[in-house]
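Next comes final-v1.csv, a file with CSV, C-alpha atoms and all ligand atoms.
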```csv
chain,number,residue,atom,x,y,z
S,14,MET,CA,87.0,96.4,151.9
S,15,PRO,CA,87.5,93.7,154.6
S,16,THR,CA,89.9,90.9,154.4
S,17,VAL,CA,89.0,88.4,151.6
S,18,ARG,CA,89.3,84.7,152.4
S,19,ILE,CA,89.2,81.7,150.2
S,20,GLY,CA,89.8,78.7,152.4
S,21,PRO,CA,93.1,79.3,154.2
S,22,VAL,CA,94.2,82.0,151.7
S,23,SER,CA,93.5,85.6,152.7
S,24,ALA,CA,94.4,89.1,151.6
S,25,GLY,CA,93.7,92.1,153.8
S,26,PRO,CA,93.0,95.6,152.4
S,27,GLY,CA,95.9,96.6,150.1
S,28,GLU,CA,97.3,93.0,150.0
S,29,LYS,CA,97.8,90.3,147.4
S,30,ALA,CA,98.0,86.6,148.2
S,31,PHE,CA,98.6,83.3,146.4
S,32,GLY,CA,97.9,79.9,147.9
S,33,TYR,CA,96.1,76.6,147.8
S,34,VAL,CA,92.8,75.3,149.1
S,35,GLU,CA,92.7,71.6,149.9
S,36,MET,CA,89.7,70.2,148.1
S,37,PHE,CA,89.8,66.5,148.8
S,38,GLU,CA,92.1,63.6,149.8
S,39,LEU,CA,93.3,61.2,147.2
S,40,PRO,CA,94.8,57.8,148.2
S,41,VAL,CA,98.3,59.3,148.4
S,42,SER,CA,98.1,63.0,147.7
S,43,VAL,CA,95.7,65.9,148.3
S,44,MET,CA,94.0,67.8,145.5
S,45,ARG,CA,94.9,71.5,146.0
S,46,LEU,CA,93.1,74.3,144.2
S,47,PRO,CA,95.4,77.3,143.5
S,48,VAL,CA,93.9,80.8,144.0
S,49,TRP,CA,95.1,84.4,143.8
S,50,ILE,CA,93.4,87.1,145.8
S,51,ILE,CA,94.1,90.8,145.0
S,52,ASN,CA,92.4,93.1,147.5
S,53,SER,CA,92.7,96.8,146.6
S,54,GLY,CA,91.3,97.9,150.0
S,55,THR,CA,89.1,100.4,148.2
S,56,PRO,CA,85.4,100.1,147.4
S,57,GLY,CA,84.6,98.5,144.0
S,58,PRO,CA,83.4,95.4,142.2
S,59,ARG,CA,84.3,92.0,143.5
S,60,VAL,CA,85.3,90.1,140.4
S,61,ALA,CA,86.0,86.3,140.2
S,62,MET,CA,87.9,84.7,137.3
S,63,THR,CA,88.3,81.0,136.5
S,64,ALA,CA,90.3,79.1,133.9
S,65,GLY,CA,91.3,75.5,133.2
S,66,MET,CA,88.0,73.8,133.8
S,67,HIS,CA,89.1,71.7,130.9
S,68,GLY,CA,92.7,70.7,131.5
S,69,THR,CA,94.2,71.3,128.1
S,70,GLU,CA,92.7,74.8,127.5
S,71,TYR,CA,96.1,76.4,128.0
S,72,VAL,CA,95.4,79.8,126.6
S,73,GLY,CA,92.9,80.6,129.4
S,74,ILE,CA,95.2,79.2,132.1
S,75,GLU,CA,98.1,81.4,130.8
S,76,ALA,CA,95.9,84.5,130.6
S,77,ALA,CA,94.5,84.1,134.1
S,78,THR,CA,97.9,83.5,135.5
S,79,ARG,CA,99.4,86.5,133.8
S,80,ILE,CA,96.6,88.8,134.9
S,81,ALA,CA,96.9,87.6,138.5
S,82,ARG,CA,100.7,87.9,138.6
S,83,GLU,CA,100.8,91.3,137.0
S,84,THR,CA,97.9,93.0,138.8
S,85,GLN,CA,98.8,94.7,142.1
S,86,PRO,CA,96.3,95.9,144.7
S,87,ALA,CA,96.9,99.6,143.8
S,88,ASP,CA,96.0,98.8,140.1
S,89,ILE,CA,92.3,98.0,140.8
S,90,ARG,CA,89.2,99.0,142.8
S,91,GLY,CA,87.4,96.3,144.7
S,92,THR,CA,88.8,92.8,144.6
S,93,LEU,CA,89.9,90.2,142.1
S,94,VAL,CA,90.0,86.5,142.9
S,95,VAL,CA,91.5,84.3,140.3
S,96,PHE,CA,91.4,80.5,140.1
S,97,PRO,CA,94.0,79.9,137.3
S,98,VAL,CA,93.4,76.2,136.9
S,99,VAL,CA,90.2,74.6,138.2
S,100,ASN,CA,90.5,71.1,136.9
S,101,VAL,CA,93.9,70.5,138.5
S,102,LEU,CA,93.9,66.7,138.0
S,103,GLY,CA,92.9,67.1,134.3
S,104,PHE,CA,95.6,69.7,133.8
S,105,GLU,CA,98.2,67.4,135.3
S,106,ALA,CA,97.1,64.4,133.3
S,107,ALA,CA,96.5,66.5,130.1
S,108,ASP,CA,93.0,65.0,130.0
S,109,VAL,CA,91.0,67.0,127.3
S,110,LEU,CA,87.7,67.2,129.0
S,111,ALA,CA,87.2,65.3,132.2
S,112,VAL,CA,88.3,65.3,135.8
S,113,PRO,CA,90.2,62.0,135.5
S,114,ILE,CA,89.2,60.4,138.8
S,115,ASP,CA,85.4,60.5,138.2
S,116,GLY,CA,85.3,61.1,134.4
S,117,GLN,CA,83.0,64.1,134.7
S,118,ASN,CA,83.0,67.3,132.7
S,119,ILE,CA,83.1,69.7,135.6
S,120,ASN,CA,81.4,72.4,133.6
S,121,ARG,CA,78.2,70.2,133.5
S,122,VAL,CA,77.9,69.5,137.2
S,123,PHE,CA,77.3,72.9,138.7
S,124,PRO,CA,76.1,73.9,141.3
S,125,GLY,CA,77.9,70.7,142.5
S,126,ASP,CA,77.6,68.7,145.7
S,127,ALA,CA,79.8,68.9,148.8
S,128,HIS,CA,79.2,65.1,149.3
S,129,GLY,CA,79.6,64.1,145.7
S,130,SER,CA,82.5,62.8,143.6
S,131,PRO,CA,85.6,65.0,143.1
S,132,SER,CA,84.1,67.0,140.2
S,133,PHE,CA,81.0,67.8,142.3
S,134,VAL,CA,83.0,68.8,145.4
S,135,LEU,CA,85.1,71.1,143.3
S,136,ALA,CA,82.1,72.6,141.5
S,137,HIS,CA,80.3,73.1,144.9
S,138,PHE,CA,83.3,74.9,146.4
S,139,LEU,CA,83.6,77.3,143.4
S,140,PHE,CA,79.9,77.9,143.1
S,141,ASP,CA,79.6,78.7,146.8
S,142,SER,CA,82.8,80.8,147.0
S,143,ILE,CA,81.8,82.9,143.9
S,144,ARG,CA,78.1,83.2,144.8
S,145,ARG,CA,78.9,84.6,148.2
S,146,GLY,CA,81.9,86.7,147.2
S,147,ALA,CA,81.6,88.0,143.7
S,148,ASP,CA,79.6,90.6,141.8
S,149,ALA,CA,80.6,89.2,138.3
S,150,VAL,CA,82.5,86.2,137.0
S,151,ILE,CA,84.7,85.7,134.0
S,152,ASP,CA,85.4,82.1,132.9
S,153,LEU,CA,88.2,81.4,130.4
S,154,HIS,CA,88.0,78.5,127.9
S,155,GLY,CA,89.1,77.5,124.5
S,156,GLY,CA,89.4,74.5,122.2
S,157,ASP,CA,90.9,71.5,124.0
S,158,ALA,CA,93.9,69.5,122.8
S,159,ALA,CA,91.8,67.7,120.2
S,160,GLN,CA,89.7,70.6,119.0
S,161,ALA,CA,90.2,73.4,116.5
S,162,LEU,CA,88.2,76.4,117.6
S,163,HIS,CA,87.3,79.9,116.3
S,164,PRO,CA,87.2,82.5,119.1
S,165,PHE,CA,83.7,83.2,120.5
S,166,SER,CA,82.2,84.2,123.8
S,167,VAL,CA,79.2,82.8,125.7
S,168,CYS,CA,76.6,84.2,128.1
S,169,TYR,CA,73.4,82.8,129.6
S,170,GLU,CA,70.0,84.5,129.4
S,171,THR,CA,68.1,83.9,132.7
S,172,GLY,CA,65.1,86.1,132.0
S,173,ASP,CA,66.2,88.7,134.5
S,174,ALA,CA,66.7,91.7,132.2
S,175,ASN,CA,69.3,93.4,134.4
S,176,VAL,CA,71.5,90.4,134.9
S,177,ASP,CA,71.2,89.4,131.2
S,178,ARG,CA,72.1,92.8,129.9
S,179,ARG,CA,75.3,92.8,132.0
S,180,SER,CA,76.2,89.3,131.0
S,181,MET,CA,75.7,90.2,127.3
S,182,ASP,CA,77.8,93.3,127.7
S,183,MET,CA,80.6,91.2,129.2
S,184,ALA,CA,80.3,88.7,126.4
S,185,GLU,CA,80.5,91.5,123.8
S,186,LEU,CA,83.6,92.9,125.5
S,187,PHE,CA,85.6,89.8,124.8
S,188,ASP,CA,85.7,91.5,121.4
S,189,MET,CA,85.2,88.2,119.6
S,190,PRO,CA,83.1,88.0,116.4
S,191,PHE,CA,80.4,85.5,117.7
S,192,ILE,CA,78.4,85.3,120.9
S,193,TRP,CA,76.5,82.2,121.9
S,194,ALA,CA,73.7,83.3,124.2
S,195,MET,CA,72.5,80.2,126.0
S,196,GLY,CA,69.2,80.0,127.9
S,197,PRO,CA,67.2,77.6,130.0
S,198,GLN,CA,66.0,75.7,126.9
S,199,ARG,CA,69.2,76.2,125.0
S,200,GLY,CA,72.8,75.2,125.6
S,201,HIS,CA,74.3,72.9,128.2
S,202,SER,CA,72.9,72.4,131.7
S,203,GLY,CA,75.1,72.6,134.8
S,204,MET,CA,77.6,75.1,133.5
S,205,MET,CA,79.2,77.5,136.1
S,206,ILE,CA,78.1,80.6,134.3
S,207,SER,CA,74.5,79.5,133.9
S,208,GLU,CA,74.1,78.5,137.6
S,209,LEU,CA,75.7,81.7,138.8
S,210,SER,CA,73.7,83.9,136.3
S,211,LYS,CA,70.5,82.3,137.8
S,212,CYS,CA,71.7,83.6,141.2
S,213,GLY,CA,71.9,87.1,139.8
S,214,ILE,CA,75.7,87.2,139.1
S,215,PRO,CA,76.5,88.5,135.6
S,216,ALA,CA,78.9,86.0,133.9
S,217,ALA,CA,80.5,85.3,130.6
S,218,ILE,CA,82.9,82.8,129.0
S,219,GLY,CA,85.6,83.7,126.5
S,220,GLU,CA,86.8,80.9,124.2
S,221,ALA,CA,90.2,81.2,122.5
S,222,GLY,CA,93.1,79.0,121.5
S,223,ASP,CA,93.0,75.3,120.5
S,224,LEU,CA,94.8,72.0,119.8
S,225,GLY,CA,96.9,72.1,123.0
S,226,THR,CA,98.8,75.2,121.9
S,227,CYS,CA,99.4,78.4,123.8
S,228,ARG,CA,99.9,81.0,121.0
S,229,GLU,CA,100.6,84.5,122.1
S,230,GLU,CA,98.0,86.0,119.9
S,231,ASP,CA,95.3,83.9,121.5
S,232,VAL,CA,96.6,84.8,125.0
S,233,ARG,CA,96.4,88.5,124.0
S,234,LEU,CA,92.8,88.0,122.8
S,235,HIS,CA,91.8,86.7,126.3
S,236,LEU,CA,93.8,89.5,127.9
S,237,ARG,CA,92.1,92.2,125.9
S,238,GLY,CA,88.7,90.6,126.8
S,239,ILE,CA,89.5,90.5,130.5
S,240,THR,CA,90.8,94.0,130.6
S,241,ASN,CA,87.8,95.3,128.7
S,242,ILE,CA,85.5,93.6,131.2
S,243,LEU,CA,87.4,94.9,134.2
S,244,ARG,CA,87.1,98.4,132.8
S,245,TYR,CA,83.4,97.9,132.2
S,246,LEU,CA,82.9,96.7,135.8
S,247,GLY,CA,84.8,99.7,137.1
S,248,ALA,CA,87.6,97.6,138.6
S,249,ILE,CA,90.3,99.4,136.5
S,250,GLU,CA,90.5,102.7,134.7
S,251,GLY,CA,90.0,103.2,131.0
S,252,VAL,CA,87.6,102.7,128.2
S,253,PRO,CA,87.1,99.2,126.7
S,254,GLU,CA,89.0,98.6,123.5
S,255,ARG,CA,87.0,97.3,120.6
S,256,THR,CA,88.7,96.1,117.4
S,257,LEU,CA,85.8,94.5,115.5
S,258,PRO,CA,84.5,96.5,112.5
S,259,VAL,CA,80.9,95.5,113.5
S,260,ALA,CA,79.2,94.3,116.6
S,261,PRO,CA,79.6,90.6,117.4
S,262,GLU,CA,76.9,88.4,116.0
S,263,VAL,CA,74.6,86.8,118.5
S,264,PHE,CA,73.5,83.2,118.1
S,265,ARG,CA,71.0,81.5,120.4
S,266,SER,CA,71.2,77.9,119.3
S,267,ASP,CA,73.9,75.4,118.4
S,268,PHE,CA,74.3,72.3,116.3
S,269,ARG,CA,76.6,69.3,116.1
S,270,VAL,CA,77.6,67.5,112.9
S,271,VAL,CA,78.4,63.8,113.5
S,272,ALA,CA,79.7,61.1,111.3
S,273,ARG,CA,77.2,58.5,110.2
S,274,ARG,CA,79.8,56.2,108.6
S,275,GLY,CA,83.2,55.1,109.8
S,276,GLY,CA,86.3,55.9,107.8
S,277,VAL,CA,88.9,58.6,107.1
S,278,PHE,CA,87.6,62.1,107.4
S,279,SER,CA,88.8,65.1,105.4
S,280,ALA,CA,87.5,68.5,106.5
S,281,LEU,CA,86.7,70.9,103.7
S,282,VAL,CA,85.7,74.1,105.5
S,283,PRO,CA,87.9,76.0,108.0
S,284,ILE,CA,86.5,77.0,111.4
S,285,GLY,CA,84.8,80.4,111.4
S,286,THR,CA,83.1,79.6,108.0
S,287,ARG,CA,79.5,80.6,107.5
S,288,VAL,CA,77.5,77.8,106.1
S,289,ARG,CA,74.0,77.2,104.6
S,290,ALA,CA,72.0,74.1,105.3
S,291,GLY,CA,73.2,71.4,102.9
S,292,ASP,CA,76.7,72.9,102.3
S,293,LEU,CA,79.4,70.2,102.0
S,294,LEU,CA,81.6,70.2,105.1
S,295,GLY,CA,83.8,67.2,104.5
S,296,VAL,CA,84.0,63.7,103.2
S,297,ILE,CA,84.5,60.3,104.8
S,298,LYS,CA,86.4,57.7,102.7
S,299,ASN,CA,87.1,54.1,103.3
S,300,ILE,CA,90.7,52.8,103.3
S,301,ALA,CA,90.5,52.1,99.6
S,302,GLY,CA,89.8,55.8,99.0
S,303,ASP,CA,86.1,55.5,98.0
S,304,THR,CA,83.9,58.2,99.4
S,305,VAL,CA,81.4,56.6,101.8
S,306,GLU,CA,79.7,59.8,103.1
S,307,GLU,CA,79.5,63.4,102.1
S,308,VAL,CA,79.1,65.3,105.4
S,309,THR,CA,76.8,68.3,105.0
S,310,SER,CA,75.6,71.1,107.4
S,311,PRO,CA,72.2,70.3,108.9
S,312,HIS,CA,71.6,74.0,109.6
S,313,PRO,CA,72.6,77.5,108.4
S,314,GLY,CA,75.1,79.1,110.8
S,315,VAL,CA,78.8,79.4,111.5
S,316,ILE,CA,81.2,76.6,112.2
S,317,THR,CA,83.0,77.3,115.5
S,318,SER,CA,84.9,74.1,116.2
S,319,PHE,CA,86.2,71.0,114.7
S,320,GLN,CA,87.2,67.7,116.4
S,321,SER,CA,90.6,67.0,114.8
S,322,ALA,CA,90.3,63.2,114.6
S,323,ARG,CA,91.3,61.9,111.2
S,324,VAL,CA,89.8,58.4,111.8
S,325,VAL,CA,86.1,58.6,112.6
S,326,HIS,CA,83.3,56.2,113.6
S,327,PRO,CA,79.5,56.4,113.4
S,328,GLY,CA,78.6,59.1,115.9
S,329,SER,CA,82.0,60.7,116.0
S,330,ARG,CA,81.7,64.5,116.5
S,331,LEU,CA,83.1,66.4,113.6
S,332,TYR,CA,81.9,70.0,113.8
S,333,HIS,CA,80.1,72.3,116.2
S,334,GLY,CA,78.3,75.3,115.0
S,335,LEU,CA,76.1,78.2,116.1
S,336,MET,CA,72.9,79.2,114.5
S,337,PRO,CA,70.4,82.0,115.0
S,401,ZN,ZN,86.4,74.5,128.1
```

Written as structure tokens, that's how I'd like the structure from this file.
Amino acid sequence: MPTVRIGPVSAGPGEKAFGYVEMFELPVSVMRLPVWIINSGTPGPRVAMTAGMHGTEYVGIEAATRIARETQPADIRGTLVVFPVVNVLGFEAADVLAVPIDGQNINRVFPGDAHGSPSFVLAHFLFDSIRRGADAVIDLHGGDAAQALHPFSVCYETGDANVDRRSMDMAELFDMPFIWAMGPQRGHSGMMISELSKCGIPAAIGEAGDLGTCREEDVRLHLRGITNILRYLGAIEGVPERTLPVAPEVFRSDFRVVARRGGVFSALVPIGTRVRAGDLLGVIKNIAGDTVEEVTSPHPGVITSFQSARVVHPGSRLYHGLMP
């Protein structure tokens, strides 16, 4: 294994490094991207891990930091590169979704653009670094500060059976009950995992934690998933640990439930609930307490997240769900 370099940060065989890559200049400061490199010096998989694309998804940031701090070169085969917080500006500002300077959701602008606005520059750097230097990528997410979320994992089906099987295996190894398998006609465009999968790099997202919290049980869920995937890839010893009584359920489509009327929303179903089309999900009342809308599920599926706003307007997002 030769020396691994990410910008000015480098780790030779048997070395571990932490440092910053200068991404772009701001009027006063410079945005620096933190990165860990753990280079075993032995042959093995080159694994990249990212967290904090969304600045308040603290569970993923904590799990990535812990794995990076605690893993020593002698613990692994191959290399592990960890970007513990991608959206540094959003993290510092506690912005729930965007890179504050340009308002973009970075996980919609991959593969990025070296000459674009800050989100595009950052996406381009990550995409390029990982595409050239990794055999697999793990991306950690969760519910943001305004979102209650039930754990699930995500992969992207490109049509290349070999890549897709490995991405699905990685998604399964997060050991979460639901998998969202996106594809070219399904899911979001411009995600990091989709663009890297299309380049032949197996990739999966784990989603755990929510509402601006960093509960230890959620961190452990991510840590188990990461450890399982590192074992599967051959980066560390051991057999993946599975705790679910049945295989995760795979969904290939998603749906959103939005408010049609403004008012005060009361949620009636917890996240993780299985619903049928037409099931009552909540009610919107006016300030006099009259029900103005009964919110029902447009599809059968499972409710994976809920926007926690009590006061809603026409078009406000209420629930997100997965369906077959
Ligand atoms: Zn996220």

Q. Could you state the separation of CA of Val263 in chain S and CA of Gly251 in chain S in Å, given to one decimal place?
A.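 Result for CA of Val263 in chain S versus CA of Gly251 in chain S: 25.7 Å, one decimal.
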
Q) Of the candidates S:Ser132, S:Ser166, S:Ser210, S:Thr256, which one gets nearest to Asn118 in chain S if we count only C-alpha atoms? A)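 Among the listed residues, the smallest separation from Asn118 in chain S belongs to S:Ser132.
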
**Q.** Nearby residues (all atoms listed in the file) at most 7 Å from Ser321 in chain S, same-chain spacing under 3 positions excluded, as a ChimeraX atom specification
**A.** /S:159-161

Written selection (C-alpha atoms) as a PDB file, in the coordinates of the input:
```
ATOM      1  CA  ALA S 159      91.800  67.700 120.200  1.00  0.00           C
ATOM      2  CA  GLN S 160      89.700  70.600 119.000  1.00  0.00           C
ATOM      3  CA  ALA S 161      90.200  73.400 116.500  1.00  0.00           C
TER       4      ALA S 161
END
```

What would the list of residues within 7 Å of (87.6, 98.3, 142.0) (file frame) look like as a PDB file with C-alpha atoms, keeping the file's coordinate frame, if only C-alpha atoms are what count?
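Dumped everything to selection02.pdb:
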```pdb
ATOM      1  CA  THR S  55      89.100 100.400 148.200  1.00  0.00           C
ATOM      2  CA  PRO S  56      85.400 100.100 147.400  1.00  0.00           C
ATOM      3  CA  GLY S  57      84.600  98.500 144.000  1.00  0.00           C
ATOM      4  CA  PRO S  58      83.400  95.400 142.200  1.00  0.00           C
ATOM      5  CA  ILE S  89      92.300  98.000 140.800  1.00  0.00           C
ATOM      6  CA  ARG S  90      89.200  99.000 142.800  1.00  0.00           C
ATOM      7  CA  GLY S  91      87.400  96.300 144.700  1.00  0.00           C
ATOM      8  CA  THR S  92      88.800  92.800 144.600  1.00  0.00           C
ATOM      9  CA  GLY S 247      84.800  99.700 137.100  1.00  0.00           C
ATOM     10  CA  ALA S 248      87.600  97.600 138.600  1.00  0.00           C
ATOM     11  CA  ILE S 249      90.300  99.400 136.500  1.00  0.00           C
TER      12      ILE S 249
END
```

Q: Kindly work out which residues sit at most 8 Å from ligand ZN 401 (chain S), using only C-alpha atoms and all ligand atoms, and give the list as a list in words.
A: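 Here is the list of contacting residues: Gly65, Met66, His67, Glu70, Leu110, Asn120, Leu153, His154, Gly155, Gly156, Asp157 and Glu220 of chain S.
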
Q. Pick the closest to Glu307 in chain S from S:Ala280, S:Ala81, S:Val288, S:Val72: which is it, counting only C-alpha atoms?
A.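 Checking each of S:Ala280, S:Ala81, S:Val288, S:Val72 against Glu307 in chain S, counting only C-alpha atoms, the winner is S:Ala280.
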
Q: Name the closest residue to Cys212 in chain S among the candidates S:Val325, S:Ala147, S:Ile74, S:Val95; distances are taken between atoms, counting only C-alpha atoms.
A: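 Using only C-alpha atoms, the shortest distance to Cys212 in chain S belongs to S:Ala147.
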
Q. S:Val252, S:Cys168, S:Met181, S:Met62: which is nearest His201 in chain S, counting only C-alpha atoms?
A.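 The shortest atom-to-atom distance to His201 in chain S comes from S:Cys168.
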
Which residues come within 8 Å of Val277 in chain S, counting only C-alpha atoms, excluding same-chain residues fewer than 4 positions away, as a compact mmCIF listing (two decimals) with C-alpha atoms, keeping the file's coordinate frame?
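This went into part-v2.txt:
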```
# COMPACT_ATOMS: atom_id res chain seq x y z
CA ILE S 297 84.50 60.30 104.80
CA LYS S 298 86.40 57.70 102.70
CA ASN S 299 87.10 54.10 103.30
CA ILE S 300 90.70 52.80 103.30
CA ARG S 323 91.30 61.90 111.20
CA VAL S 324 89.80 58.40 111.80
CA VAL S 325 86.10 58.60 112.60
```

(Q) With distances taken over only C-alpha atoms, which residue among S:Asp267, S:Glu35, S:Asp177, S:Asp292 lies nearest Gly200 in chain S? (A)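 Nearest to Gly200 in chain S: S:Asp267.
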
Any chance you could build range 14-25 of chain S out to N, CA and C atoms and write it as a PDB file, in the coordinates of the input?
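Written file, result.pdb:
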```pdb
ATOM      1  N   MET S  14      86.932  97.801 152.286  1.00  0.00           N
ATOM      2  CA  MET S  14      87.000  96.400 151.900  1.00  0.00           C
ATOM      3  C   MET S  14      87.607  95.557 152.984  1.00  0.00           C
ATOM      4  N   PRO S  15      86.885  94.607 153.532  1.00  0.00           N
ATOM      5  CA  PRO S  15      87.500  93.700 154.600  1.00  0.00           C
ATOM      6  C   PRO S  15      88.426  92.738 153.967  1.00  0.00           C
ATOM      7  N   THR S  16      89.041  91.945 154.841  1.00  0.00           N
ATOM      8  CA  THR S  16      89.900  90.900 154.400  1.00  0.00           C
ATOM      9  C   THR S  16      89.094  89.871 153.548  1.00  0.00           C
ATOM     10  N   VAL S  17      89.692  89.425 152.435  1.00  0.00           N
ATOM     11  CA  VAL S  17      89.000  88.400 151.600  1.00  0.00           C
ATOM     12  C   VAL S  17      89.667  87.085 151.839  1.00  0.00           C
ATOM     13  N   ARG S  18      88.828  86.093 152.089  1.00  0.00           N
ATOM     14  CA  ARG S  18      89.300  84.700 152.400  1.00  0.00           C
ATOM     15  C   ARG S  18      88.750  83.720 151.442  1.00  0.00           C
ATOM     16  N   ILE S  19      89.616  82.875 150.916  1.00  0.00           N
ATOM     17  CA  ILE S  19      89.200  81.700 150.200  1.00  0.00           C
ATOM     18  C   ILE S  19      89.891  80.521 150.826  1.00  0.00           C
ATOM     19  N   GLY S  20      89.142  79.734 151.604  1.00  0.00           N
ATOM     20  CA  GLY S  20      89.800  78.700 152.400  1.00  0.00           C
ATOM     21  C   GLY S  20      90.843  79.311 153.293  1.00  0.00           C
ATOM     22  N   PRO S  21      92.068  78.766 153.319  1.00  0.00           N
ATOM     23  CA  PRO S  21      93.100  79.300 154.200  1.00  0.00           C
ATOM     24  C   PRO S  21      93.846  80.506 153.607  1.00  0.00           C
ATOM     25  N   VAL S  22      93.522  80.875 152.353  1.00  0.00           N
ATOM     26  CA  VAL S  22      94.200  82.000 151.700  1.00  0.00           C
ATOM     27  C   VAL S  22      93.485  83.269 151.983  1.00  0.00           C
ATOM     28  N   SER S  23      94.212  84.295 152.413  1.00  0.00           N
ATOM     29  CA  SER S  23      93.500  85.600 152.700  1.00  0.00           C
ATOM     30  C   SER S  23      94.387  86.739 152.330  1.00  0.00           C
ATOM     31  N   ALA S  24      93.701  87.823 151.959  1.00  0.00           N
ATOM     32  CA  ALA S  24      94.400  89.100 151.600  1.00  0.00           C
ATOM     33  C   ALA S  24      93.618  90.215 152.274  1.00  0.00           C
ATOM     34  N   GLY S  25      94.302  90.939 153.137  1.00  0.00           N
ATOM     35  CA  GLY S  25      93.700  92.100 153.800  1.00  0.00           C
ATOM     36  C   GLY S  25      93.663  93.283 152.847  1.00  0.00           C
TER      37      GLY S  25
END
```
